[in-house]
Amino acid sequence: MAEPAQSGPGPNRLRPPEGLWRRRVASFGHAFRGVWAALGSEVHLRFHAVATAVVVGLGFYYGISRLEWALVAISVACVWSAELMNTAIEALTDLASPEYHPLAGKAKDVAAGAVLLAALGAAVVGALVFGPKVFGH
């Protein structure tokens, strides 16, 4: 005799759909592959990688506080995110408009401007966090 289907909250209602975890793990793989692809093709992103390593090293050297680590981490994440978005926008713009078009140029310029603003903000955070430690104020 077949068991009746459960319509109420039972143990099976809390289980994720089949394959959900596999898809979630795969999405992380795609994301990491995108970061590596950008690192391999974008000179500016490699510069940001070196700058990140220097900043993390300085953070350990000077023993910055938890709040300072948070500010540095947010700044680094913002710059990396802006640079990755800029790379994606440039690639899509090149695909959609292989020939020069003023709007394609504008899209690329605006995306580059976002990276510039993120980098300037990170530089200000870096100066505020590390300036007093380096220059003894």
# chains A, B, ... in the order shown; residues from 1 in each chain; ligands from 1
>>> residues_around(residues="segment 93-96 of chain A", least_positions_apart="3", cutoff="12 Å", atoms="only C-alpha atoms", output="list of chain:residue names")
A:Met85, A:Asn86, A:Thr87, A:Ala88, A:Ile89, A:Glu90, A:Glu99, A:Tyr100, A:His101, A:Pro102, A:Leu103, A:Ala104, A:Gly105, A:Lys106, A:Ala107, A:Lys108, A:Asp109, A:Ala111
>>> write_last_selection(atoms="N, CA, C and O atoms", output="PDB file, in the first residue's frame")
ATOM      1  N   MET A  85      34.339  44.121 -12.427  1.00  0.00           N
ATOM      2  CA  MET A  85      33.188  44.620 -13.178  1.00  0.00           C
ATOM      3  C   MET A  85      33.649  45.393 -14.413  1.00  0.00           C
ATOM      4  O   MET A  85      33.061  45.269 -15.486  1.00  0.00           O
ATOM      5  N   ASN A  86      34.694  46.176 -14.267  1.00  0.00           N
ATOM      6  CA  ASN A  86      35.243  46.906 -15.404  1.00  0.00           C
ATOM      7  C   ASN A  86      35.693  45.935 -16.496  1.00  0.00           C
ATOM      8  O   ASN A  86      35.410  46.145 -17.683  1.00  0.00           O
ATOM      9  N   THR A  87      36.358  44.869 -16.099  1.00  0.00           N
ATOM     10  CA  THR A  87      36.811  43.866 -17.061  1.00  0.00           C
ATOM     11  C   THR A  87      35.627  43.231 -17.778  1.00  0.00           C
ATOM     12  O   THR A  87      35.648  43.047 -19.004  1.00  0.00           O
ATOM     13  N   ALA A  88      34.581  42.893 -17.012  1.00  0.00           N
ATOM     14  CA  ALA A  88      33.388  42.289 -17.615  1.00  0.00           C
ATOM     15  C   ALA A  88      32.699  43.259 -18.575  1.00  0.00           C
ATOM     16  O   ALA A  88      32.293  42.875 -19.681  1.00  0.00           O
ATOM     17  N   ILE A  89      32.585  44.516 -18.183  1.00  0.00           N
ATOM     18  CA  ILE A  89      31.936  45.515 -19.043  1.00  0.00           C
ATOM     19  C   ILE A  89      32.750  45.728 -20.319  1.00  0.00           C
ATOM     20  O   ILE A  89      32.189  45.830 -21.410  1.00  0.00           O
ATOM     21  N   GLU A  90      34.066  45.770 -20.188  1.00  0.00           N
ATOM     22  CA  GLU A  90      34.905  45.922 -21.383  1.00  0.00           C
ATOM     23  C   GLU A  90      34.728  44.740 -22.336  1.00  0.00           C
ATOM     24  O   GLU A  90      34.609  44.921 -23.547  1.00  0.00           O
ATOM     25  N   GLU A  99      33.265  47.459 -33.530  1.00  0.00           N
ATOM     26  CA  GLU A  99      33.695  48.724 -34.124  1.00  0.00           C
ATOM     27  C   GLU A  99      33.485  49.828 -33.089  1.00  0.00           C
ATOM     28  O   GLU A  99      32.642  49.724 -32.216  1.00  0.00           O
ATOM     29  N   TYR A 100      34.236  50.915 -33.236  1.00  0.00           N
ATOM     30  CA  TYR A 100      34.088  52.018 -32.285  1.00  0.00           C
ATOM     31  C   TYR A 100      32.684  52.607 -32.367  1.00  0.00           C
ATOM     32  O   TYR A 100      32.133  52.819 -33.440  1.00  0.00           O
ATOM     33  N   HIS A 101      32.133  52.845 -31.199  1.00  0.00           N
ATOM     34  CA  HIS A 101      30.854  53.545 -31.094  1.00  0.00           C
ATOM     35  C   HIS A 101      30.963  54.446 -29.870  1.00  0.00           C
ATOM     36  O   HIS A 101      31.496  54.038 -28.831  1.00  0.00           O
ATOM     37  N   PRO A 102      30.454  55.684 -29.938  1.00  0.00           N
ATOM     38  CA  PRO A 102      30.576  56.600 -28.799  1.00  0.00           C
ATOM     39  C   PRO A 102      29.977  56.033 -27.502  1.00  0.00           C
ATOM     40  O   PRO A 102      30.533  56.245 -26.426  1.00  0.00           O
ATOM     41  N   LEU A 103      28.865  55.318 -27.601  1.00  0.00           N
ATOM     42  CA  LEU A 103      28.266  54.758 -26.383  1.00  0.00           C
ATOM     43  C   LEU A 103      29.121  53.635 -25.802  1.00  0.00           C
ATOM     44  O   LEU A 103      29.197  53.475 -24.581  1.00  0.00           O
ATOM     45  N   ALA A 104      29.770  52.875 -26.668  1.00  0.00           N
ATOM     46  CA  ALA A 104      30.681  51.830 -26.188  1.00  0.00           C
ATOM     47  C   ALA A 104      31.858  52.477 -25.457  1.00  0.00           C
ATOM     48  O   ALA A 104      32.263  52.017 -24.383  1.00  0.00           O
ATOM     49  N   GLY A 105      32.375  53.538 -26.026  1.00  0.00           N
ATOM     50  CA  GLY A 105      33.461  54.265 -25.366  1.00  0.00           C
ATOM     51  C   GLY A 105      33.024  54.845 -24.038  1.00  0.00           C
ATOM     52  O   GLY A 105      33.772  54.808 -23.053  1.00  0.00           O
ATOM     53  N   LYS A 106      31.806  55.375 -24.002  1.00  0.00           N
ATOM     54  CA  LYS A 106      31.289  55.937 -22.757  1.00  0.00           C
ATOM     55  C   LYS A 106      31.151  54.848 -21.690  1.00  0.00           C
ATOM     56  O   LYS A 106      31.514  55.065 -20.522  1.00  0.00           O
ATOM     57  N   ALA A 107      30.638  53.676 -22.070  1.00  0.00           N
ATOM     58  CA  ALA A 107      30.486  52.577 -21.118  1.00  0.00           C
ATOM     59  C   ALA A 107      31.836  52.187 -20.531  1.00  0.00           C
ATOM     60  O   ALA A 107      31.971  51.987 -19.309  1.00  0.00           O
ATOM     61  N   LYS A 108      32.838  52.093 -21.393  1.00  0.00           N
ATOM     62  CA  LYS A 108      34.170  51.732 -20.908  1.00  0.00           C
ATOM     63  C   LYS A 108      34.754  52.817 -20.008  1.00  0.00           C
ATOM     64  O   LYS A 108      35.382  52.517 -18.991  1.00  0.00           O
ATOM     65  N   ASP A 109      34.557  54.070 -20.385  1.00  0.00           N
ATOM     66  CA  ASP A 109      35.077  55.177 -19.577  1.00  0.00           C
ATOM     67  C   ASP A 109      34.414  55.222 -18.199  1.00  0.00           C
ATOM     68  O   ASP A 109      35.080  55.443 -17.182  1.00  0.00           O
ATOM     69  N   ALA A 111      33.008  52.703 -16.578  1.00  0.00           N
ATOM     70  CA  ALA A 111      33.474  51.558 -15.805  1.00  0.00           C
ATOM     71  C   ALA A 111      34.881  51.814 -15.263  1.00  0.00           C
ATOM     72  O   ALA A 111      35.179  51.494 -14.105  1.00  0.00           O
TER      73      ALA A 111
END
>>> residues_around(residues="Val43 of chain A", least_positions_apart="5", cutoff="12 Å", atoms="only C-alpha atoms", output="JSON, numbers by chain")
{"A": [37, 38, 48, 49, 50, 83, 84, 87]}
>>> write_last_selection(atoms="C-alpha atoms", output="PDB file, in the first residue's frame")
ATOM      1  CA  ALA A  37      40.989  34.655 -16.096  1.00  0.00           C
ATOM      2  CA  ALA A  38      40.951  38.358 -15.241  1.00  0.00           C
ATOM      3  CA  HIS A  48      45.887  45.321  -7.387  1.00  0.00           C
ATOM      4  CA  ALA A  49      46.967  41.805  -6.377  1.00  0.00           C
ATOM      5  CA  VAL A  50      50.465  43.058  -5.529  1.00  0.00           C
ATOM      6  CA  GLU A  83      38.140  46.099 -11.449  1.00  0.00           C
ATOM      7  CA  LEU A  84      36.368  42.804 -12.167  1.00  0.00           C
ATOM      8  CA  THR A  87      36.811  43.866 -17.061  1.00  0.00           C
TER       9      THR A  87
END
>>> residues_around(residues="Leu58 of chain A", least_positions_apart="5", cutoff="12 Å", atoms="only C-alpha atoms", output="number ranges by chain")
A: 51-53, 63-64, 68-69, 72, 126, 129-131, 133-134
>>> select_by_dssp(residues="chain A", states="helix (DSSP H, G or I)", output="ChimeraX atom specification")
/A:11-14,20-41,43-62,66-96,102-135
>>> atom_distance(atom1="atom CA of Gly113 of chain A", atom2="atom CA of His30 of chain A")
26.4 Å
>>> atom_distance(atom1="atom CA of His44 of chain A", atom2="atom CA of Ala118 of chain A")
13.2 Å
>>> atom_distance(atom1="atom CA of Ala119 of chain A", atom2="atom CA of Gly34 of chain A")
20.8 Å
>>> residues_around(residues="Ala122 of chain A", least_positions_apart="5", cutoff="10 Å", atoms="only C-alpha atoms", output="number ranges by chain")
A: 71-79, 116-117, 127-128
>>> closest_residue(among="A:Trp80, A:Tyr61, A:Leu92, A:Ser97", to="Arg46 of chain A", atoms="only C-alpha atoms")
A:Trp80
